[in-house]
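Worksheet: the structure to be examined is printed underneath.
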Amino acid sequence: MIVHEATAFAGGRCRSYHDATLGMTIDNGNHLLLSGNRAALAFLRDVGAAERLHGPASAEFAFADLANGQRWTLRINDGRLPWWIFDPGRRVPGTRILDYLPLAWLLWPRPGKAVAEVIACEGPLYRRLVEPLLLAALNVDPPRGAARLARAVIRETLAAGGRACRPLVARDGLGPALIEPALRCLQGRGATVRLEHQLRAMRFAERRIEALDFGTETVMLTPGDDVVLAVPPYAAAALVPGLEVPNEFRAIVNAHFRIAPPEGQPPILCVLSGAVQWLFAFPDRLSVTISAGDRYIDTARDMLAKSIWSEVSSLTGLPAALPPWQIVRERRATIAATPAQDARRPGPETQWRNLALAGDWTNTGLPATIEGAIRSGKRAAGLVKRSAEARRS
Ligand SMILES: Cc1cc2nc3c(=O)[nH]c(=O)nc-3n(C[C@H](O)[C@H](O)[C@H](O)COP(=O)(O)OP(=O)(O)OC[C@H]3O[C@@H](n4cnc5c(N)ncnc54)[C@H](O)[C@@H]3O)c2cc1C
């Protein structure tokens, strides 16, 4: 097996890099997984990195509201029966049991509908739980999000019980947790990884790919060779004629501050009523994530760092003076998870027998996440394996 990667590093949108400004290795963006991300956890086990994600023993989420200084912890019980909803000490403050009923409406299949067409996007439960959850998972303004994808998120998290909702982070970085173990595993299985080896074009025969064109080199494919094209949608559309792909994206903004978190700072804090949405505490830095952050793409970097830090300082009690910072803005962090864009996601099959598609943007039934990317990769691998078996028989 050969992996051809266009850039000089593996990991794509999920990577660690050495940041010269901060003088430390950081991730391009904080990535949150949940214990119910079964494909991602199986992947970690497969590559021998099961212990590289860290999180609490139960599904607990610390919240802070910048508007009124209120703090609380959401505690979802382990089992599927949601008795946390019946316990005012565990559920979202200011909510009543009946407020949770609309979550059940979201679990009903609603093809082609937006979230706002299914539930009322208002009230304390929406503002304090549904909105931050869907914003993080879908990376789109939740009312405009595809109800089908919101349903998948709720079904695989809240409806599956606390055992599926434990937050997991790569405390020592995405590189050591996900990417380096995967590269070692590939190497151990005899695969070759070719970096800075961008696929420029494919040569198509009647029902198969005949050759891969890397510019300075053309690789002819033998009848036993298969291709899994796992590039972003815009790259796939440029390589595969007639392929319809999602063409609207949303940004994610991350702000990293080189400063030790104060004593007792929760590892993950969900923040309401500010620009900051999630505050991650690492041993040597604080790191902020802003999903659907397109409105901050053109803000001057130093202004953005200052305004984000003023919120972080008020959340943590740390001094107002700006510590060393870095802003990482990923313009096309994910596809826009709207019904219209969701409808443009192709499956793994193509009209060419030895070509399968993978990537978080393909039609996985999930939003564009690590979990979706891994499921799509498994699905594409299964497809090429079956077609290879069919060719042999
Ligand atoms: C800032 C940020 C925060 C995120 N937060 C989370 C989170 O909290 N939880 C979560 O689950 N997900 C999160 N995501 C999404 C997650 O990173 C992606 O879903 C996942 O990385 C997608 O993986 P992929 O393999 O589908 O695509 P990519 O990671 O985009 O990989 C595609 C690869 O193809 C390469 N390539 C492109 N063109 C060519 C070519 N012509 N030839 C060869 N190679 C090519 C690219 O260089 C890249 O390495 C986040 C993403 C970002 C950007």
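Ordering of the structure tokens sets the chain letters (A, B, ...); residue numbers start at 1 within each chain; ligands are numbered from 1 in the order shown.
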Enumerate as number ranges by chain the residues within 8 Å of ligand 1, counting only C-alpha atoms and all ligand atoms. A: 4-7, 9-14, 28-33, 136-137, 196-201, 230-232, 235-236, 239, 251-254, 289, 291, 328-334, 358-361, 368-374, 376-377
Using backbone DSSP assignments, extract all strand (DSSP E or B) residues from region 64-191 of chain A; output them as a list in words. Ala64, Asp65, Arg71, Trp72, Thr73, Leu74, Arg75, Ile76, Ala114, Ala146, Pro167, Leu168 and Val169 of chain A
Report as a PDB file with all heavy atoms, in the first residue's frame: the residues of region 185-251 of chain A with a DSSP assignment of alpha helix (DSSP H), based on the backbone of this structure.
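The resulting file, selection_22.pdb, is shown below:
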```
ATOM      1  N   CYS A 185       2.028   2.368  12.549  1.00  0.00           N
ATOM      2  CA  CYS A 185       1.251   1.168  12.220  1.00  0.00           C
ATOM      3  C   CYS A 185       1.361   0.871  10.720  1.00  0.00           C
ATOM      4  O   CYS A 185       1.591  -0.270  10.316  1.00  0.00           O
ATOM      5  CB  CYS A 185      -0.195   1.393  12.637  1.00  0.00           C
ATOM      6  SG  CYS A 185      -1.293   0.088  12.162  1.00  0.00           S
ATOM      7  N   LEU A 186       1.243   1.927   9.896  1.00  0.00           N
ATOM      8  CA  LEU A 186       1.363   1.736   8.442  1.00  0.00           C
ATOM      9  C   LEU A 186       2.737   1.172   8.098  1.00  0.00           C
ATOM     10  O   LEU A 186       2.862   0.226   7.315  1.00  0.00           O
ATOM     11  CB  LEU A 186       1.164   3.073   7.719  1.00  0.00           C
ATOM     12  CG  LEU A 186      -0.273   3.571   7.584  1.00  0.00           C
ATOM     13  CD1 LEU A 186      -0.292   4.995   7.056  1.00  0.00           C
ATOM     14  CD2 LEU A 186      -1.064   2.650   6.664  1.00  0.00           C
ATOM     15  N   GLN A 187       3.738   1.783   8.720  1.00  0.00           N
ATOM     16  CA  GLN A 187       5.119   1.339   8.460  1.00  0.00           C
ATOM     17  C   GLN A 187       5.287  -0.131   8.837  1.00  0.00           C
ATOM     18  O   GLN A 187       5.839  -0.922   8.079  1.00  0.00           O
ATOM     19  CB  GLN A 187       6.062   2.187   9.299  1.00  0.00           C
ATOM     20  CG  GLN A 187       7.450   2.292   8.732  1.00  0.00           C
ATOM     21  CD  GLN A 187       8.300   3.197   9.633  1.00  0.00           C
ATOM     22  OE1 GLN A 187       7.937   3.496  10.779  1.00  0.00           O
ATOM     23  NE2 GLN A 187       9.426   3.620   9.106  1.00  0.00           N
ATOM     24  N   GLY A 188       4.745  -0.481  10.014  1.00  0.00           N
ATOM     25  CA  GLY A 188       4.848  -1.858  10.519  1.00  0.00           C
ATOM     26  C   GLY A 188       4.182  -2.849   9.592  1.00  0.00           C
ATOM     27  O   GLY A 188       4.529  -4.032   9.565  1.00  0.00           O
ATOM     28  N   PRO A 233     -13.119  17.824  -0.530  1.00  0.00           N
ATOM     29  CA  PRO A 233     -14.077  17.784  -1.646  1.00  0.00           C
ATOM     30  C   PRO A 233     -13.650  18.592  -2.855  1.00  0.00           C
ATOM     31  O   PRO A 233     -13.835  18.162  -4.000  1.00  0.00           O
ATOM     32  CB  PRO A 233     -15.370  18.341  -1.031  1.00  0.00           C
ATOM     33  CG  PRO A 233     -14.979  18.978   0.262  1.00  0.00           C
ATOM     34  CD  PRO A 233     -13.737  18.306   0.712  1.00  0.00           C
ATOM     35  N   TYR A 234     -13.044  19.777  -2.623  1.00  0.00           N
ATOM     36  CA  TYR A 234     -12.657  20.607  -3.776  1.00  0.00           C
ATOM     37  C   TYR A 234     -11.540  19.916  -4.566  1.00  0.00           C
ATOM     38  O   TYR A 234     -11.495  20.000  -5.791  1.00  0.00           O
ATOM     39  CB  TYR A 234     -12.245  22.013  -3.337  1.00  0.00           C
ATOM     40  CG  TYR A 234     -11.415  22.051  -2.075  1.00  0.00           C
ATOM     41  CD1 TYR A 234     -10.041  21.938  -2.119  1.00  0.00           C
ATOM     42  CD2 TYR A 234     -12.032  22.164  -0.835  1.00  0.00           C
ATOM     43  CE1 TYR A 234      -9.283  21.957  -0.952  1.00  0.00           C
ATOM     44  CE2 TYR A 234     -11.286  22.177   0.343  1.00  0.00           C
ATOM     45  CZ  TYR A 234      -9.918  22.070   0.274  1.00  0.00           C
ATOM     46  OH  TYR A 234      -9.171  22.068   1.419  1.00  0.00           O
ATOM     47  N   ALA A 235     -10.655  19.190  -3.868  1.00  0.00           N
ATOM     48  CA  ALA A 235      -9.587  18.466  -4.568  1.00  0.00           C
ATOM     49  C   ALA A 235     -10.180  17.269  -5.319  1.00  0.00           C
ATOM     50  O   ALA A 235      -9.799  16.985  -6.463  1.00  0.00           O
ATOM     51  CB  ALA A 235      -8.526  18.008  -3.575  1.00  0.00           C
ATOM     52  N   ALA A 236     -11.134  16.586  -4.707  1.00  0.00           N
ATOM     53  CA  ALA A 236     -11.762  15.428  -5.361  1.00  0.00           C
ATOM     54  C   ALA A 236     -12.496  15.877  -6.625  1.00  0.00           C
ATOM     55  O   ALA A 236     -12.416  15.222  -7.674  1.00  0.00           O
ATOM     56  CB  ALA A 236     -12.720  14.741  -4.402  1.00  0.00           C
ATOM     57  N   ALA A 237     -13.194  17.017  -6.537  1.00  0.00           N
ATOM     58  CA  ALA A 237     -13.962  17.496  -7.694  1.00  0.00           C
ATOM     59  C   ALA A 237     -13.029  17.844  -8.854  1.00  0.00           C
ATOM     60  O   ALA A 237     -13.386  17.683 -10.024  1.00  0.00           O
ATOM     61  CB  ALA A 237     -14.793  18.710  -7.305  1.00  0.00           C
ATOM     62  N   ALA A 238     -11.814  18.313  -8.522  1.00  0.00           N
ATOM     63  CA  ALA A 238     -10.858  18.664  -9.582  1.00  0.00           C
ATOM     64  C   ALA A 238     -10.256  17.399 -10.213  1.00  0.00           C
ATOM     65  O   ALA A 238      -9.773  17.447 -11.339  1.00  0.00           O
ATOM     66  CB  ALA A 238      -9.747  19.543  -9.012  1.00  0.00           C
ATOM     67  N   LEU A 239     -10.302  16.295  -9.508  1.00  0.00           N
ATOM     68  CA  LEU A 239      -9.657  15.079 -10.006  1.00  0.00           C
ATOM     69  C   LEU A 239     -10.635  14.108 -10.678  1.00  0.00           C
ATOM     70  O   LEU A 239     -10.238  13.317 -11.534  1.00  0.00           O
ATOM     71  CB  LEU A 239      -8.969  14.336  -8.840  1.00  0.00           C
ATOM     72  CG  LEU A 239      -7.731  15.021  -8.256  1.00  0.00           C
ATOM     73  CD1 LEU A 239      -7.383  14.449  -6.876  1.00  0.00           C
ATOM     74  CD2 LEU A 239      -6.536  14.858  -9.204  1.00  0.00           C
TER      75      LEU A 239
END
```
When you look at Ile335 (chain A) with a cut-off of 7 Å (counting only C-alpha atoms), what residues show up, excluding the ones that are within fewer than 2 positions of it in the same chain? I need them as a compact mmCIF listing (two decimals) with C-alpha atoms, in the first residue's frame.
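Written file, part_11.txt:
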```txt
# COMPACT_ATOMS: atom_id res chain seq x y z
CA PRO A 246 -20.25 19.99 -1.03
CA GLU A 248 -19.80 25.56 1.09
CA PHE A 249 -17.54 25.50 4.12
CA ARG A 250 -17.36 26.86 7.65
CA ALA A 337 -23.60 20.98 7.52
CA TRP A 361 -17.32 15.20 3.59
CA ALA A 368 -17.65 16.27 9.22
```
Tell me which protein, DNA and RNA residues are within 10 Å of Pro102 (chain A), counting only C-alpha atoms, leaving out same-chain ones fewer than 6 positions away, and put them as a PyMOL selection string. chain A and resi 118-120+125-126
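Around Glu117 (chain A), within 9 Å and counting only C-alpha atoms, the residues found are A:Lys113, A:Ala114, A:Val115, A:Ile119, A:Ala120, A:Pro143, A:Arg144, A:Ala147, once anything fewer than 2 positions away on its own chain is removed.
CA of Ala150 (chain A) is positioned 21.9 Å from CA of Pro348 (chain A).
As for CA of Gly365 (chain A) and CA of Asp46 (chain A), they are spaced 23.4 Å apart.
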CA of Pro132 (chain A) and CA of Cys270 (chain A), how far apart in Å? 7.6 Å
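Closest approach to Gly264 (chain A) from the set A:Leu41, A:Ile154, A:Ala177, A:Ala62 is made by A:Ala62, with distances taken over only C-alpha atoms.
Restricting the calculation to only C-alpha atoms, the smallest distance between Ala182 (chain A) and any of A:Arg71, A:Arg151, A:Arg344, A:Arg45 is found for A:Arg45.
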List the neighbours of Pro176 (chain A) out to 10 Å using only C-alpha atoms; skip same-chain residues closer than 4 positions along the sequence, and give me the result as a list in words. Arg15, Ser16, Ala49, Arg52, Ala170, Arg171, Asp172, Glu180, Pro181 and Ala182 of chain A
How would the residues just picked look written out with C-alpha atoms as a short mmCIF file (atom, residue, chain, number, x, y, z; two decimals), in the first residue's frame?
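Output saved as result_30.cif:
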```cif
data_model
loop_
_atom_site.label_atom_id
_atom_site.label_comp_id
_atom_site.auth_asym_id
_atom_site.auth_seq_id
_atom_site.Cartn_x
_atom_site.Cartn_y
_atom_site.Cartn_z
CA ARG A 15 -2.38 17.69 13.19
CA SER A 16 0.24 18.99 15.62
CA ALA A 49 -2.79 4.29 20.90
CA ARG A 52 -3.62 8.49 24.25
CA ALA A 170 -5.51 14.36 23.05
CA ARG A 171 -3.84 15.98 26.06
CA ASP A 172 -0.36 15.51 24.61
CA GLU A 180 2.32 9.25 14.74
CA PRO A 181 0.83 5.92 15.94
CA ALA A 182 -1.03 5.62 12.61
#
```
Fewer than 3 positions away in the same chain doesn't count, so skip those; otherwise give me all residues within 9 Å of region 95-100 of chain A, counting only C-alpha atoms, as an MDAnalysis selection string. chainID A and resid 85:88 91:92 103:104 123:125
